[in-house]
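To start, the structure under review is shown below, and the notes come after it.
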Amino acid sequence: MFTIPQPDGSLSATDVKELAEDLVEQLPLPGIEGSPLDPGEIWVVVTLAAVNQTSVWETCKDNDNAPCDDTVMDWLDTLNREWLERIANDLLKEMAMTILDPDRSRIVSIDFVDNPYHGTYDDESGELCRMAAKDGTTTCHRYCSAYLVSNGKPVTLAMTYVRSDESEADAVERILDRIEAYPFEIDLLLADRGFYNERILRRSRDIAATVVPVQKKGKRMKRKLDTHCSYMTTYRMYKDCKRELKFPLAVAVSYQAGDRGKSGEVVRGYVACDLADRTPKQVERLYRKRSAIETSYRVFRQARVVTTTQDPIIRFAFVLVGFLLENLWLVLRWAVVARPRRGGRDLPKEFTFKTFSDWIRHVLEEELERSWEIEMNGVGVPEAYAPAAG
């Protein structure tokens with residue numbers, strides 16, 4: 001059960017650490033039978049590694065009271081992905097609904113999160129997905145996420161693991177099922193062109209109005225986009241087939257006047273389910289609301305455990321811890337620290353995610369007795385450099 005402190009005093013580093021600890025410890029960790037440790041001791045190490053953006057090995061090496069890194073990884077090796085994902089999503093929902101009005105409709109964005117992966121893997125495992133070249137690799141572990149489009153409360157609503165041997169539409173279905181279970185109405189769904197898929201579009205439009213950029217493939221779509229004027233039209237995906245899907249298409253024409261060194265006309269097309277009454281420019285403005293998701297991902301990456309493990313479930317657990325910590329910070333910032341004012345709460349600039357992480361780090365390193373020392377080289381200054389006697 002997630003509870004936030006009463007906002008009638010001061011929020012201390014110890015308070016933040018205890019909340020983070022209580023939250024992350026709820027993730028299910030079967031553990032090793034007969035071990036003298038408990039899951040809390042393992043998750044403390046993972047949490048400290050996350051806020052330090054370092055590895056489990058470094059964390060265990062630098063803190064005297066931390067368990068051995070081999071022991072931590074052996075425990076993490078017992079994680080069950082389905083159980084882990086279910087509990088993590090319950091926690092994300094519980095935190096989100098502490099600060100969201102269930103009677104207010106919301107805009108939700110869905111996206112894929114790709115974690116570049118270097119190293120060997122089993123081609124038959126289905127764990128790794130392909131991506132455009134990034135960080136010197138074209139393989140990644142992929143996750144699908146949904147987050148709230150909100151200036152003050154951009155919380156992550158749901159997460160799921162995406163396998164390469166399943167349809168990406170299956171993963172999106174799981175996310176849509178989870179966000180549909182929230183008590184608030186969904187006013188609008190936004191997604192990038194990776195979600196331009198007949199099955200995904202059918203499912204999403206059943207939930208809410210949907211905006212997705214089209215993929216510029218096929219002669220019919222290219223003809224629709226061969227224009228110099230914005231207009232609304234209708235498009236039939238898989239025309240004259242059993243899978244045919246008819247939807248409103250918004251074709252928006254804009255001009256780049258030296259923006260980022262580019263100039264000239266740009267034509268973009270958008271699926272605009274249940275938005276046929278809007279202009280193309282209005283549809284495009286709605287889609288641009290999802291750009292804030294990049295800010296959310298930048299924050300999450302400030303709480304990522306560094307690892308070389310090949311185990312995809314452990315890597316997924318590290319990602320979930322990062323998103324849980326980000327949501328906790330957002331909840332505390334809005335519900336406990338931000339001051340009410342006309343037109344909305346005044347979000348404190350000084351309570352940044354870095355500050356939140358520093359507080360957790362400070363208290364955990366005191367508890368685990370951080371070793372502020374490093375081994376000397378046993379050689380010292382070479383004799384040739386030593387000053388002459390006398």
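Residue numbers start at 1 in each chain; chains themselves are named A, B, ... in the order of the structure tokens; ligands are numbered from 1 in the order shown.
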>> DSSP on the backbone: which residues in stretch 110-241 of chain A end up as strand (DSSP E)? Give the answer as a PyMOL selection string.
In response: chain A and resi 110-116+129-134+137-148+156-162+186-191+209-213+231-237
>> According to DSSP computed on the backbone, where in stretch 91-229 of chain A is there alpha helix (DSSP H)? Give the residues as number ranges by chain.
In response: A: 91-96, 168-180, 198-207, 219-225
>> Which residue is closest to A:Ile200? Choose from A:Glu21, A:Asp226, A:Asp15, A:Asp170 and count only C-alpha atoms.
In response: A:Asp170
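Once A:Val336 and its same-chain neighbours fewer than 5 positions away are set aside, A:Ile4, A:Pro5, A:Gln6, A:Pro7, A:Asp8, A:Gly9, A:Ser10, A:Leu11, A:Leu330, A:Val331 remain within 10 Å of it when counting only C-alpha atoms.
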I'd like the neighbourhood of A:Asp111 as a tab-separated table (two decimals) with all heavy atoms, in the first residue's frame, where a residue qualifies if any of its atoms comes within 8 Å (using only C-alpha atoms), though same-chain residues fewer than 5 positions away should be ignored.
```
chain	number	residue	atom	x	y	z
A	144	CYS	N	7.05	-0.95	-23.78
A	144	CYS	CA	5.97	-0.05	-24.20
A	144	CYS	C	5.44	0.62	-22.94
A	144	CYS	O	5.22	-0.03	-21.91
A	144	CYS	CB	4.86	-0.83	-24.90
A	144	CYS	SG	3.58	0.23	-25.63
A	145	SER	N	5.25	1.93	-23.01
A	145	SER	CA	4.80	2.68	-21.83
A	145	SER	C	3.67	3.62	-22.20
A	145	SER	O	3.49	4.00	-23.36
A	145	SER	CB	5.96	3.47	-21.22
A	145	SER	OG	6.34	4.53	-22.08
A	146	ALA	N	2.90	3.99	-21.21
A	146	ALA	CA	1.85	5.01	-21.36
A	146	ALA	C	2.06	6.05	-20.27
A	146	ALA	O	2.36	5.70	-19.13
A	146	ALA	CB	0.47	4.38	-21.22
A	191	ALA	N	0.20	8.81	-30.17
A	191	ALA	CA	1.29	7.84	-30.36
A	191	ALA	C	2.08	8.23	-31.60
A	191	ALA	O	1.57	8.93	-32.48
A	191	ALA	CB	0.74	6.42	-30.51
A	192	ASP	N	3.34	7.78	-31.68
A	192	ASP	CA	4.14	8.12	-32.85
A	192	ASP	C	3.86	7.14	-34.00
A	192	ASP	O	3.06	6.22	-33.87
A	192	ASP	CB	5.63	8.22	-32.50
A	192	ASP	CG	6.26	6.86	-32.21
A	192	ASP	OD1	5.63	5.81	-32.48
A	192	ASP	OD2	7.40	6.85	-31.70
```
> Got a sec: who's within 6 Å of stretch 126-142 of chain A, counting only C-alpha atoms, leaving out chain neighbours fewer than 3 positions off, as a count of residues only?
Replying inline: 9
Near A:Gln302, within 8 Å and counting only C-alpha atoms, which residues show up once chain neighbours fewer than 2 positions away are dropped, as a compact mmCIF listing (two decimals) with N, CA, C and O atoms, in the first residue's frame?
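The file below, result.txt, is the result:
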```
# COMPACT_ATOMS: atom_id res chain seq x y z
N ALA A 50 20.60 2.83 -8.62
CA ALA A 50 19.79 3.64 -9.54
C ALA A 50 20.04 5.13 -9.35
O ALA A 50 20.30 5.85 -10.31
N VAL A 51 19.95 5.61 -8.11
CA VAL A 51 20.12 7.05 -7.89
C VAL A 51 21.56 7.49 -8.11
O VAL A 51 21.83 8.67 -8.37
N GLN A 53 23.30 6.10 -10.56
CA GLN A 53 23.54 5.76 -11.96
C GLN A 53 24.82 4.93 -12.11
O GLN A 53 25.67 5.21 -12.94
N ARG A 298 14.06 11.62 -20.18
CA ARG A 298 15.34 12.16 -19.71
C ARG A 298 15.44 12.04 -18.19
O ARG A 298 16.50 11.74 -17.65
N VAL A 299 14.33 12.27 -17.50
CA VAL A 299 14.32 12.14 -16.04
C VAL A 299 14.54 10.68 -15.65
O VAL A 299 15.36 10.37 -14.78
N PHE A 300 13.84 9.78 -16.29
CA PHE A 300 13.99 8.34 -15.98
C PHE A 300 15.44 7.89 -16.14
O PHE A 300 15.95 7.12 -15.33
N ARG A 304 18.91 5.20 -13.75
CA ARG A 304 19.09 3.92 -14.42
C ARG A 304 20.30 3.19 -13.87
O ARG A 304 21.39 3.75 -13.80
N GLY A 322 13.55 2.63 -12.05
CA GLY A 322 13.73 4.00 -12.50
C GLY A 322 12.41 4.74 -12.68
O GLY A 322 12.25 5.88 -12.24
N LYS A 354 17.12 15.50 -9.38
CA LYS A 354 18.48 15.33 -8.88
C LYS A 354 18.53 15.50 -7.37
O LYS A 354 19.20 14.73 -6.67
```
>> Please report the interatomic distance between atom CA of A:Tyr231 and atom CA of A:Val266 in Å with one decimal.
In response: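 Interatomic distance here is 13.8 Å.
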>> Show me, as a ChimeraX atom specification, the residues that have an atom within 9 Å of A:Glu25 when counting only C-alpha atoms, minus same-chain residues fewer than 5 positions from it.
In response: /A:20,39-44
> Can you tell me how far atom CA of A:Asp74 sits from atom CA of A:Thr120, in Å to one decimal?
Replying inline: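 Separating atom CA of A:Asp74 from atom CA of A:Thr120 is a distance of 20.1 Å.
Proximity ranking of A:Thr279, A:Thr14, A:Thr309, A:Ser105 relative to A:Asp70 places A:Thr309 first, based on only C-alpha atoms.
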>> Taking only C-alpha atoms into account, name the residue in A:Glu366, A:Glu373, A:Asp101, A:Glu198 that is nearest to A:Leu245.
In response: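 Closest candidate: A:Glu198.
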> Rounded to one decimal in Å, what is the spacing between atom CA of A:Gly152 and atom CA of A:Trp334?
Replying inline: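 Atom-to-atom, atom CA of A:Gly152 and atom CA of A:Trp334 are spaced 7.2 Å apart.
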> Out of A:Tyr270, A:Phe2, A:Tyr196, A:Tyr143, which residue has the shortest atom-to-atom distance to A:Val319 when counting only C-alpha atoms?
Replying inline: A:Tyr143
